[in-house]
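The data block below is query.pdb; it holds PDB, C-alpha atoms.
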```pdb
ATOM      1  CA  MET A 294     -49.351 -33.306 -12.379
ATOM      2  CA  ASP A 295     -51.052 -30.719 -10.203
ATOM      3  CA  MET A 296     -53.613 -28.161 -11.265
ATOM      4  CA  THR A 297     -52.031 -25.227  -9.462
ATOM      5  CA  GLU A 298     -54.440 -22.512 -10.628
ATOM      6  CA  VAL A 299     -57.899 -22.437 -12.161
ATOM      7  CA  LYS A 300     -59.128 -19.027 -13.352
ATOM      8  CA  VAL A 301     -62.827 -18.805 -14.189
ATOM      9  CA  PHE A 302     -64.301 -16.103 -16.429
ATOM     10  CA  PRO A 303     -68.116 -16.383 -16.219
ATOM     11  CA  VAL A 304     -70.249 -15.591 -19.260
ATOM     12  CA  GLU A 305     -73.920 -16.023 -20.109
ATOM     13  CA  GLU A 306     -74.054 -17.020 -23.774
ATOM     14  CA  ASP A 307     -76.763 -19.552 -24.577
ATOM     15  CA  LYS A 308     -75.293 -22.759 -23.071
ATOM     16  CA  LEU A 309     -71.785 -21.407 -22.411
ATOM     17  CA  ARG A 310     -71.326 -20.618 -18.700
ATOM     18  CA  ALA A 311     -67.605 -19.779 -18.419
ATOM     19  CA  TYR A 312     -64.197 -19.748 -20.024
ATOM     20  CA  VAL A 313     -61.399 -21.219 -17.932
ATOM     21  CA  THR A 314     -57.613 -20.957 -17.861
ATOM     22  CA  LEU A 315     -55.877 -23.871 -16.176
ATOM     23  CA  THR A 316     -52.276 -23.814 -14.914
ATOM     24  CA  LEU A 317     -50.471 -27.137 -14.527
ATOM     25  CA  ASP A 318     -47.560 -27.550 -12.103
ATOM     26  CA  GLY A 319     -47.211 -23.769 -11.942
ATOM     27  CA  CYS A 320     -45.490 -23.743 -15.325
ATOM     28  CA  PHE A 321     -47.899 -24.633 -18.162
ATOM     29  CA  ALA A 322     -51.159 -22.848 -18.989
ATOM     30  CA  VAL A 323     -54.095 -24.156 -21.007
ATOM     31  CA  ARG A 324     -56.548 -21.436 -22.053
ATOM     32  CA  ASP A 325     -60.051 -21.484 -23.492
ATOM     33  CA  LEU A 326     -61.515 -24.474 -21.713
ATOM     34  CA  LYS A 327     -65.289 -23.985 -21.698
ATOM     35  CA  VAL A 328     -67.881 -24.825 -19.077
ATOM     36  CA  ILE A 329     -71.065 -25.721 -20.961
ATOM     37  CA  GLN A 330     -74.583 -26.447 -19.744
ATOM     38  CA  GLY A 331     -75.544 -29.801 -21.229
ATOM     39  CA  LEU A 332     -78.684 -31.905 -20.858
ATOM     40  CA  ALA A 333     -77.158 -33.837 -17.942
ATOM     41  CA  GLY A 334     -75.582 -30.792 -16.242
ATOM     42  CA  LEU A 335     -72.358 -28.842 -16.612
ATOM     43  CA  PHE A 336     -69.376 -30.299 -18.444
ATOM     44  CA  VAL A 337     -65.927 -29.094 -19.458
ATOM     45  CA  ALA A 338     -65.056 -28.797 -23.153
ATOM     46  CA  MET A 339     -61.402 -28.737 -24.137
ATOM     47  CA  PRO A 340     -59.965 -25.956 -26.316
ATOM     48  CA  ALA A 341     -60.570 -26.813 -29.964
ATOM     49  CA  ARG A 342     -59.928 -25.478 -33.444
ATOM     50  CA  LYS A 343     -62.442 -25.480 -36.277
ATOM     51  CA  ARG A 344     -61.245 -27.476 -39.264
ATOM     52  CA  LYS A 345     -61.852 -26.668 -42.923
ATOM     53  CA  ASP A 346     -64.607 -29.298 -43.104
ATOM     54  CA  GLY A 347     -66.514 -27.594 -40.260
ATOM     55  CA  SER A 348     -65.679 -30.177 -37.602
ATOM     56  CA  TYR A 349     -63.734 -29.357 -34.435
ATOM     57  CA  LYS A 350     -60.477 -30.923 -33.223
ATOM     58  CA  ASP A 351     -59.221 -30.629 -29.636
ATOM     59  CA  ILE A 352     -55.993 -28.659 -29.297
ATOM     60  CA  ALA A 353     -55.242 -30.036 -25.823
ATOM     61  CA  HIS A 354     -56.995 -32.792 -23.914
ATOM     62  CA  PRO A 355     -56.458 -35.394 -21.152
ATOM     63  CA  LEU A 356     -55.149 -38.736 -22.351
ATOM     64  CA  ASN A 357     -56.980 -40.878 -19.801
ATOM     65  CA  VAL A 358     -60.226 -40.997 -17.848
ATOM     66  CA  GLY A 359     -58.621 -40.388 -14.451
ATOM     67  CA  THR A 360     -56.959 -37.171 -15.598
ATOM     68  CA  ARG A 361     -60.163 -35.986 -17.270
ATOM     69  CA  GLU A 362     -62.131 -36.624 -14.070
ATOM     70  CA  ARG A 363     -59.593 -34.716 -11.923
ATOM     71  CA  LEU A 364     -59.532 -31.837 -14.394
ATOM     72  CA  GLU A 365     -63.332 -31.644 -14.613
ATOM     73  CA  ALA A 366     -63.720 -31.794 -10.826
ATOM     74  CA  ALA A 367     -61.202 -28.965 -10.304
ATOM     75  CA  VAL A 368     -62.718 -26.774 -13.040
ATOM     76  CA  LEU A 369     -66.335 -27.297 -11.961
ATOM     77  CA  ALA A 370     -65.467 -26.673  -8.284
ATOM     78  CA  ALA A 371     -63.696 -23.419  -9.219
ATOM     79  CA  CYS A 372     -66.655 -22.438 -11.393
ATOM     80  CA  GLU A 373     -69.071 -23.040  -8.495
ATOM     81  CA  ARG A 374     -66.900 -20.957  -6.137
ATOM     82  CA  GLU A 375     -66.847 -18.115  -8.671
ATOM     83  CA  VAL A 376     -70.643 -18.231  -9.106
ATOM     84  CA  GLN A 377     -71.093 -18.092  -5.318
ATOM     85  CA  ARG A 378     -68.582 -15.216  -5.028
ATOM     86  CA  VAL A 379     -70.418 -13.193  -7.687
ATOM     87  CA  ALA A 380     -73.829 -13.964  -6.132
ATOM     88  CA  ALA A 381     -72.551 -12.762  -2.748
ATOM     89  CA  GLY A 382     -71.278  -9.539  -4.313
ATOM     90  CA  LEU A 383     -67.709 -10.190  -3.185
ATOM     91  CA  PRO A 384     -64.790  -8.611  -5.075
ATOM     92  CA  ALA A 385     -62.577 -10.719  -7.291
ATOM     93  CA  PRO A 386     -59.548 -12.145  -5.470
ATOM     94  CA  ARG A 387     -56.339 -10.201  -6.000
ATOM     95  CA  ALA A 388     -53.425 -11.950  -7.597
ATOM     96  CA  GLU A 389     -50.668 -12.490  -5.075
ATOM     97  CA  LEU A 390     -47.310 -11.035  -5.954
ATOM     98  CA  GLU A 391     -44.354 -13.376  -5.900
ATOM     99  CA  GLU A 392     -41.238 -12.156  -4.140
TER
END
```

Rewrite the coordinates I just gave you, this time as structure tokens.
Amino acid sequence: MDMTEVKVFPVEEDKLRAYVTLTLDGCFAVRDLKVIQGLAGLFVAMPARKRKDGSYKDIAHPLNVGTRERLEAAVLAACEREVQRVAAGLPAPRAELEE
């Protein structure tokens, strides 16, 4: 499984730093991952739904530690690139058209 695209949408809401859309193998998208500022640094929260009892349940999530680590590394690297791009005042990259 390859993470073929990571789109970062920065926000500044309390501890929330960005929303992320992840594309897997160029054919499956996972939206609403969140990059959150925690006590030990940034971490990636999976998309979740609020249950009737007030708790949250992940909608999609990695099934093993290795996949979670790869996913987090890709998302946090893309987030860092986006922060640097914005700080440098560079325009957002244009989506390439497929022929």

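Among the candidates A:Arg310, A:Lys300, A:Arg361, A:Arg344, the one nearest to Val323 in chain A when counting only C-alpha atoms is A:Lys300.
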
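CA of Glu362 in chain A to CA of Ala333 in chain A spans 15.8 Å [interatomic distance, one decimal].
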
Return as AutoDock Vina command-line options the centre and edge lengths, in Å with one decimal, of the box along x, y and z that encloses every atom of range 362-376 of chain A in the file, padded by 6 Å per side.
```
--center_x -65.1 --center_y -27.4 --center_z -10.4 --size_x 23.1 --size_y 30.5 --size_z 20.5
```

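When the PyMOL selection byres ((chain A and resi 325) around 8) is evaluated against the file, it yields Tyr312, Val313, Thr314, Val323, Arg324, Leu326, Lys327, Met339 and Pro340 of chain A.
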
Result set of the PyMOL selection byres ((chain A and resi 295) around 7) on the coordinates above, as a compact mmCIF listing (two decimals) with C-alpha atoms, in the coordinates of the input:
```txt
# COMPACT_ATOMS: atom_id res chain seq x y z
CA MET A 294 -49.35 -33.31 -12.38
CA MET A 296 -53.61 -28.16 -11.26
CA THR A 297 -52.03 -25.23 -9.46
CA LEU A 317 -50.47 -27.14 -14.53
CA ASP A 318 -47.56 -27.55 -12.10
```

Within 9 Å of range 373-382 of chain A using all atoms listed in the file, minus same-chain residues under 2 positions, as number ranges by chain: A: 301-303, 368-371, 384-385

Identify the residues around (-72.4, -29.5, -18.6) within a radius of 12 Å, measuring from only C-alpha atoms in the coordinates stated by the file, and give them as a PyMOL selection string. chain A and resi 308-311+327-338+365-366+368-369+372

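Atom pair CA of Thr316 in chain A / CA of Thr360 in chain A has a distance of 14.2 Å (rounded to one decimal).
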
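Of note, CA of His354 in chain A and CA of Val299 in chain A are spaced 15.7 Å apart.
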